[in-house]
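Here is start.txt, consisting of compact mmCIF, N, CA and C atoms:
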# COMPACT_ATOMS: atom_id res chain seq x y z
N MET A 13 -136.77 -86.72 -140.74
CA MET A 13 -137.80 -87.73 -140.94
C MET A 13 -139.10 -87.23 -140.30
N PRO A 14 -140.23 -87.24 -141.05
CA PRO A 14 -141.49 -86.75 -140.51
C PRO A 14 -142.02 -87.69 -139.42
N GLU A 15 -142.72 -87.08 -138.46
CA GLU A 15 -143.30 -87.87 -137.37
C GLU A 15 -144.54 -88.60 -137.87
N ASP A 16 -144.75 -89.80 -137.34
CA ASP A 16 -145.95 -90.55 -137.66
C ASP A 16 -147.02 -90.19 -136.65
N HIS A 17 -148.10 -89.61 -137.10
CA HIS A 17 -149.18 -89.20 -136.21
C HIS A 17 -150.35 -90.17 -136.25
N GLY A 18 -150.10 -91.42 -136.54
CA GLY A 18 -151.17 -92.41 -136.55
C GLY A 18 -151.84 -92.51 -137.91
N PRO A 19 -153.02 -93.12 -137.93
CA PRO A 19 -153.70 -93.34 -139.20
C PRO A 19 -154.15 -92.04 -139.85
N THR A 20 -154.16 -92.07 -141.16
CA THR A 20 -154.62 -90.89 -141.89
C THR A 20 -156.13 -90.81 -141.82
N GLU A 21 -156.66 -89.67 -142.21
CA GLU A 21 -158.11 -89.50 -142.19
C GLU A 21 -158.78 -90.51 -143.11
N ALA A 22 -158.16 -90.78 -144.28
CA ALA A 22 -158.72 -91.75 -145.22
C ALA A 22 -158.74 -93.14 -144.62
N THR A 23 -157.66 -93.52 -143.93
CA THR A 23 -157.59 -94.84 -143.29
C THR A 23 -158.65 -94.94 -142.21
N THR A 24 -158.81 -93.89 -141.43
CA THR A 24 -159.83 -93.88 -140.37
C THR A 24 -161.21 -94.01 -140.98
N GLN A 25 -161.49 -93.29 -142.06
CA GLN A 25 -162.79 -93.37 -142.72
C GLN A 25 -163.04 -94.79 -143.24
N MET A 26 -162.00 -95.40 -143.82
CA MET A 26 -162.15 -96.77 -144.31
C MET A 26 -162.44 -97.73 -143.16
N SER A 27 -161.80 -97.52 -142.03
CA SER A 27 -162.03 -98.38 -140.87
C SER A 27 -163.47 -98.23 -140.37
N ILE A 28 -163.94 -97.01 -140.34
CA ILE A 28 -165.31 -96.76 -139.90
C ILE A 28 -166.29 -97.42 -140.85
N GLU A 29 -166.06 -97.27 -142.14
CA GLU A 29 -166.96 -97.88 -143.13
C GLU A 29 -166.95 -99.40 -143.01
N ALA A 30 -165.78 -99.99 -142.78
CA ALA A 30 -165.70 -101.45 -142.60
C ALA A 30 -166.46 -101.88 -141.36
N TRP A 31 -166.33 -101.11 -140.29
CA TRP A 31 -167.03 -101.41 -139.04
C TRP A 31 -168.54 -101.36 -139.26
N VAL A 32 -169.01 -100.33 -139.95
CA VAL A 32 -170.44 -100.19 -140.23
C VAL A 32 -170.93 -101.36 -141.08
N ARG A 33 -170.17 -101.72 -142.11
CA ARG A 33 -170.54 -102.85 -142.98
C ARG A 33 -170.64 -104.14 -142.17
N THR A 34 -169.67 -104.35 -141.29
CA THR A 34 -169.66 -105.57 -140.48
C THR A 34 -170.90 -105.67 -139.62
N TRP A 35 -171.25 -104.58 -138.94
CA TRP A 35 -172.42 -104.60 -138.07
C TRP A 35 -173.70 -104.67 -138.87
N ARG A 36 -173.75 -104.04 -140.03
CA ARG A 36 -174.94 -104.10 -140.88
C ARG A 36 -175.18 -105.54 -141.33
N GLU A 37 -174.11 -106.24 -141.68
CA GLU A 37 -174.23 -107.64 -142.11
C GLU A 37 -174.58 -108.55 -140.93
N ALA A 38 -174.02 -108.27 -139.77
CA ALA A 38 -174.24 -109.13 -138.60
C ALA A 38 -175.58 -108.86 -137.94
N GLY A 39 -176.14 -107.68 -138.15
CA GLY A 39 -177.37 -107.28 -137.47
C GLY A 39 -178.51 -108.28 -137.58
N PRO A 40 -178.89 -108.69 -138.79
CA PRO A 40 -180.01 -109.64 -138.91
C PRO A 40 -179.74 -110.98 -138.21
N GLU A 41 -178.52 -111.46 -138.31
CA GLU A 41 -178.20 -112.73 -137.64
C GLU A 41 -178.25 -112.57 -136.12
N LEU A 42 -177.71 -111.48 -135.61
CA LEU A 42 -177.76 -111.23 -134.17
C LEU A 42 -179.20 -111.07 -133.69
N GLU A 43 -180.03 -110.42 -134.49
CA GLU A 43 -181.44 -110.27 -134.13
C GLU A 43 -182.14 -111.62 -134.11
N ALA A 44 -181.82 -112.50 -135.05
CA ALA A 44 -182.40 -113.84 -135.06
C ALA A 44 -181.99 -114.62 -133.82
N ILE A 45 -180.74 -114.49 -133.41
CA ILE A 45 -180.27 -115.15 -132.20
C ILE A 45 -181.01 -114.61 -130.99
N ARG A 46 -181.16 -113.29 -130.91
CA ARG A 46 -181.86 -112.67 -129.79
C ARG A 46 -183.30 -113.16 -129.71
N ARG A 47 -183.99 -113.18 -130.85
CA ARG A 47 -185.39 -113.63 -130.87
C ARG A 47 -185.50 -115.09 -130.42
N LYS A 48 -184.58 -115.93 -130.87
CA LYS A 48 -184.58 -117.34 -130.48
C LYS A 48 -184.37 -117.47 -128.97
N GLU A 49 -183.43 -116.71 -128.42
CA GLU A 49 -183.16 -116.76 -126.98
C GLU A 49 -184.37 -116.28 -126.18
N VAL A 50 -185.05 -115.25 -126.66
CA VAL A 50 -186.24 -114.75 -125.97
C VAL A 50 -187.35 -115.80 -126.01
N ARG A 51 -187.54 -116.42 -127.19
CA ARG A 51 -188.57 -117.45 -127.35
C ARG A 51 -188.32 -118.64 -126.42
N GLU A 52 -187.05 -119.01 -126.28
CA GLU A 52 -186.71 -120.21 -125.53
C GLU A 52 -186.42 -119.96 -124.06
N ALA A 53 -186.50 -118.72 -123.64
CA ALA A 53 -186.18 -118.39 -122.25
C ALA A 53 -187.17 -119.06 -121.30
N ASP A 54 -186.65 -119.59 -120.22
CA ASP A 54 -187.47 -120.19 -119.18
C ASP A 54 -187.65 -119.15 -118.08
N ASN A 55 -188.72 -118.35 -118.21
CA ASN A 55 -188.92 -117.23 -117.30
C ASN A 55 -189.11 -117.67 -115.85
N LEU A 56 -189.78 -118.78 -115.63
CA LEU A 56 -189.97 -119.26 -114.26
C LEU A 56 -188.63 -119.61 -113.63
N HIS A 57 -187.75 -120.22 -114.40
CA HIS A 57 -186.42 -120.55 -113.88
C HIS A 57 -185.63 -119.28 -113.56
N VAL A 58 -185.70 -118.30 -114.43
CA VAL A 58 -185.00 -117.04 -114.21
C VAL A 58 -185.53 -116.36 -112.95
N LEU A 59 -186.84 -116.36 -112.77
CA LEU A 59 -187.42 -115.76 -111.56
C LEU A 59 -186.95 -116.50 -110.31
N GLN A 60 -186.86 -117.82 -110.38
CA GLN A 60 -186.35 -118.58 -109.24
C GLN A 60 -184.91 -118.19 -108.92
N LEU A 61 -184.11 -117.98 -109.97
CA LEU A 61 -182.72 -117.60 -109.75
C LEU A 61 -182.61 -116.22 -109.11
N LEU A 62 -183.52 -115.33 -109.45
CA LEU A 62 -183.47 -113.96 -108.93
C LEU A 62 -184.17 -113.79 -107.59
N GLU A 63 -184.98 -114.76 -107.20
CA GLU A 63 -185.79 -114.62 -105.99
C GLU A 63 -184.96 -114.34 -104.75
N GLU A 64 -183.87 -115.07 -104.57
CA GLU A 64 -183.05 -114.88 -103.37
C GLU A 64 -182.46 -113.48 -103.31
N ALA A 65 -181.95 -112.99 -104.43
CA ALA A 65 -181.38 -111.64 -104.46
C ALA A 65 -182.47 -110.59 -104.19
N PHE A 66 -183.63 -110.79 -104.76
CA PHE A 66 -184.74 -109.85 -104.56
C PHE A 66 -185.15 -109.82 -103.08
N ASN A 67 -185.31 -110.99 -102.49
CA ASN A 67 -185.69 -111.06 -101.08
C ASN A 67 -184.62 -110.45 -100.18
N HIS A 68 -183.37 -110.66 -100.52
CA HIS A 68 -182.28 -110.05 -99.75
C HIS A 68 -182.38 -108.52 -99.81
N ALA A 69 -182.62 -107.99 -101.00
CA ALA A 69 -182.73 -106.54 -101.16
C ALA A 69 -183.90 -106.00 -100.34
N LEU A 70 -185.00 -106.73 -100.32
CA LEU A 70 -186.15 -106.29 -99.52
C LEU A 70 -185.80 -106.22 -98.04
N ARG A 71 -185.02 -107.20 -97.57
CA ARG A 71 -184.64 -107.24 -96.16
C ARG A 71 -183.56 -106.21 -95.83
N ALA A 72 -182.60 -106.04 -96.71
CA ALA A 72 -181.40 -105.26 -96.40
C ALA A 72 -181.51 -103.77 -96.71
N LEU A 73 -182.33 -103.41 -97.68
CA LEU A 73 -182.39 -102.01 -98.10
C LEU A 73 -183.70 -101.37 -97.64
N PRO A 74 -183.63 -100.24 -96.96
CA PRO A 74 -184.86 -99.58 -96.53
C PRO A 74 -185.63 -99.03 -97.73
N CYS A 75 -186.93 -99.00 -97.60
CA CYS A 75 -187.76 -98.42 -98.66
C CYS A 75 -187.52 -96.92 -98.73
N ARG A 76 -187.46 -96.40 -99.94
CA ARG A 76 -187.31 -94.96 -100.11
C ARG A 76 -188.68 -94.30 -100.07
N PRO A 77 -188.74 -93.09 -99.56
CA PRO A 77 -190.03 -92.41 -99.50
C PRO A 77 -190.55 -92.00 -100.88
N SER A 78 -189.66 -91.94 -101.87
CA SER A 78 -190.07 -91.50 -103.20
C SER A 78 -189.22 -92.20 -104.25
N SER A 79 -189.80 -92.37 -105.43
CA SER A 79 -189.07 -92.97 -106.54
C SER A 79 -188.23 -91.93 -107.27
N GLY A 80 -188.52 -90.66 -107.02
CA GLY A 80 -187.83 -89.59 -107.72
C GLY A 80 -188.57 -89.09 -108.95
N MET A 81 -189.69 -89.75 -109.28
CA MET A 81 -190.44 -89.35 -110.47
C MET A 81 -191.00 -87.94 -110.36
N VAL A 82 -191.51 -87.57 -109.19
CA VAL A 82 -192.07 -86.23 -109.02
C VAL A 82 -190.97 -85.19 -109.20
N GLN A 83 -189.82 -85.42 -108.58
CA GLN A 83 -188.70 -84.49 -108.71
C GLN A 83 -188.23 -84.40 -110.16
N MET A 84 -188.21 -85.54 -110.87
CA MET A 84 -187.79 -85.54 -112.26
C MET A 84 -188.76 -84.72 -113.11
N GLN A 85 -190.07 -84.90 -112.89
CA GLN A 85 -191.05 -84.15 -113.65
C GLN A 85 -190.96 -82.65 -113.37
N GLU A 86 -190.68 -82.28 -112.12
CA GLU A 86 -190.50 -80.86 -111.78
C GLU A 86 -189.29 -80.30 -112.52
N TYR A 87 -188.21 -81.08 -112.59
CA TYR A 87 -187.01 -80.66 -113.30
C TYR A 87 -187.30 -80.48 -114.79
N PHE A 88 -187.99 -81.45 -115.39
CA PHE A 88 -188.33 -81.36 -116.81
C PHE A 88 -189.21 -80.16 -117.10
N ALA A 89 -190.11 -79.84 -116.20
CA ALA A 89 -191.02 -78.71 -116.41
C ALA A 89 -190.26 -77.39 -116.47
N LYS A 90 -189.10 -77.33 -115.83
CA LYS A 90 -188.30 -76.09 -115.83
C LYS A 90 -187.45 -75.94 -117.10
N LEU A 91 -187.27 -77.01 -117.84
CA LEU A 91 -186.44 -76.94 -119.05
C LEU A 91 -187.13 -76.13 -120.13
N PRO A 92 -186.34 -75.38 -120.90
CA PRO A 92 -186.95 -74.62 -122.00
C PRO A 92 -187.51 -75.57 -123.06
N ARG A 93 -188.57 -75.14 -123.68
CA ARG A 93 -189.22 -75.99 -124.71
C ARG A 93 -188.81 -75.61 -126.07
Could you take the file, read its structure, and then write that structure out as structure tokens?
Amino acid sequence: MPEDHGPTEATTQMSIEAWVRTWREAGPELEAIRRKEVREADNLHVLQLLEEAFNHALRALPCRPSSGMVQMQEYFAKLPR
């Protein structure tokens, strides 16, 4: 009896195509939901919710001497173009 090695390549391709179709169809609806949520967001309320965590981080974590941007730019400059 031959061993079953899982789905065939054709089955896998069909699954991928179905997945792509599903997301392509859902994309516009999901984007509409996202836009509605952004429009209706209460930014002042969100900032109030985050204020305590932000203030805690300011008190608890020491400031770093650098953001790392200079080091990152130096690294990028060394990469071949």
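Here atom N of Arg33 (chain A) is placed at a distance of 27.4 Å from atom C of Val50 (chain A).
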Hey, can you check how far CA of Glu37 (chain A) sits from atom C of Gln25 (chain A)?
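Computing the Euclidean distance for CA of Glu37 (chain A) and atom C of Gln25 (chain A) yields 17.1 Å.
Atom to atom, atom N of Lys48 (chain A) and atom N of Trp31 (chain A) stand 25.3 Å apart.
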Determine which residues of chain A DSSP labels as alpha helix (DSSP H) from the backbone of this structure, then write them out as a VMD selection string.
chain A and resid 21 to 52 55 to 72 81 to 90
